[in-house]
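Participant: Questions regarding the structure given below will be posed in turn.
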Amino acid sequence: MSQTTPNADPAELAKFDSLASRWWDPEGEFKPLHQLNPVRMAYLQTRAKLAGQMVLDIGCGGGLLSESMAACGAQVTGIDMAQGPLNVARMHQQKSGFAEIRYLETSAEALAKAEAAQFDTVICMEVLEHVPDPQSLLHACAKLVKPGGDVFLSTLNRNPKSFALAIFGAEYLLNLLPRGTHEYAKFIKPSELRRWGQKAGLEFSDIRGLEHSPLTRTFSLSGNTDVNYLMHLKHSQ
């Protein structure tokens, strides 16, 4: 599937394409994602039913979160605009045995035209800060989820602290992420995300911070949303 003007930055796609082969290496460039995945899953499982549900993973990359949700009994569709990570996801799918996961190279906007209101839950983790038009992506999420369904988002707050920790600290000081992974100007304040969600017909339900301990190199949920945060929205019925 495709659309005339896809909501994607070619430089961002090339960035993740170049790292695709290391997606499932727990000690590689995506180590933070491996550490973060259990925390994200815990949050999802406390706020939505996954077993037997139609779930969409937008920006699925190499399939780390998609496979975790499939292991909980969800019927998962994973979409991404970067071909490299999708190829990795399909290859890993053969090893893991989650044959029921459907991987598509498409945008959320294009999928919304073909499969509107088909999903019980829509997940969009660490994607909004990498696309040219995050509001368009949020509107696509609203179109894809069923009435009364759940939308889960995660992104980075925009303030001096997030710049210091998420870019200078994580990318340059601690080398937790490849340099250039994030652009500060693309970070999104929770108030902005809530407002965009309301415009798209999504009601705010919850927000939680994601904190990283440099000593233990682990993530945990918290009430502090200064840097990384998760937001739960529900489709207005």
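By order in the structure tokens, chains are A, B, ...; within a chain, residues start at 1; ligands start at 1, following the order shown.
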Do you know which residues are at most 7 Å from region 145-159 of chain A counting only C-alpha atoms, after dropping those on the same chain fewer than 2 positions away, and could you put them as a PyMOL selection string?

Facilitator: chain A and resi 117-126+128-129+141-143+161-163+184+187-190+226-237

Participant: Excluding region 48-51 of chain A and any residue of its chain fewer than 5 positions from it, enumerate the residues within 9 Å of it, using only C-alpha atoms, and give them as a ChimeraX atom specification.

Facilitator: /A:43,69-75,120-121,150

Participant: Write to file, as a short mmCIF file (atom, residue, chain, number, x, y, z; two decimals), in the first residue's frame, the residues of the selection just made, with C-alpha atoms.

Facilitator:
data_model
loop_
_atom_site.label_atom_id
_atom_site.label_comp_id
_atom_site.auth_asym_id
_atom_site.auth_seq_id
_atom_site.Cartn_x
_atom_site.Cartn_y
_atom_site.Cartn_z
CA TYR A 43 1.69 -0.66 30.99
CA MET A 69 1.95 -8.67 22.05
CA ALA A 70 1.46 -11.76 19.90
CA ALA A 71 2.85 -13.81 22.78
CA CYS A 72 0.00 -12.44 24.89
CA GLY A 73 -2.55 -13.71 22.36
CA ALA A 74 -3.10 -10.52 20.34
CA GLN A 75 -3.75 -10.66 16.59
CA ASP A 120 -9.31 -2.77 19.07
CA THR A 121 -6.00 -1.23 20.08
CA ASP A 150 -7.54 2.22 22.93
#

Participant: Need the shell around His92 (chain A): protein/DNA/RNA residues with any atom at most 12 Å away, counting only C-alpha atoms. Skip same-chain ones fewer than 3 positions apart. Format as number ranges by chain?

Facilitator: A: 20-25, 61-64, 66-67, 85-89, 95-99, 101, 103

Participant: Just to confirm, what's the straight-line distance from CA of Pro6 (chain A) to CA of Thr106 (chain A) in Å (one decimal)?

Facilitator: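 Distance reported for this atom pair: 8.7 Å.
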
Participant: Calculate how many Å separate CA of Glu105 (chain A) from CA of Gln83 (chain A), rounding to one decimal.

Facilitator: 6.8 Å

Participant: Using DSSP assignments from the backbone, pull out every residue in region 69-198 of chain A that falls under helix (DSSP H, G or I) and give it to me as a ChimeraX atom specification.

Facilitator: /A:69-71,83-96,108-114,128-130,134-144,160-173,184-186,190-198

Participant: What are the DSSP strand (DSSP E or B) residues of chain A, as a ChimeraX atom specification?

Facilitator: /A:54-58,75-80,102-105,119-125,145-156,202-213,218-222,228-235

Participant: Tell me which protein, DNA and RNA residues are within 9 Å of Thr218 (chain A), counting only C-alpha atoms, leaving out same-chain ones fewer than 6 positions away, and put them as a CSV table (one decimal) with C-alpha atoms, in the first residue's frame.

Facilitator:
chain,number,residue,atom,x,y,z
A,32,PRO,CA,17.4,0.5,25.2
A,35,GLN,CA,15.3,-2.8,28.2
A,36,LEU,CA,12.2,-0.7,27.7
A,211,GLU,CA,12.5,7.0,33.7
A,212,HIS,CA,15.9,5.5,33.0

Participant: Can you tell me how far CA of Leu210 (chain A) sits from CA of Asp133 (chain A), in Å to one decimal?

Facilitator: 23.8 Å
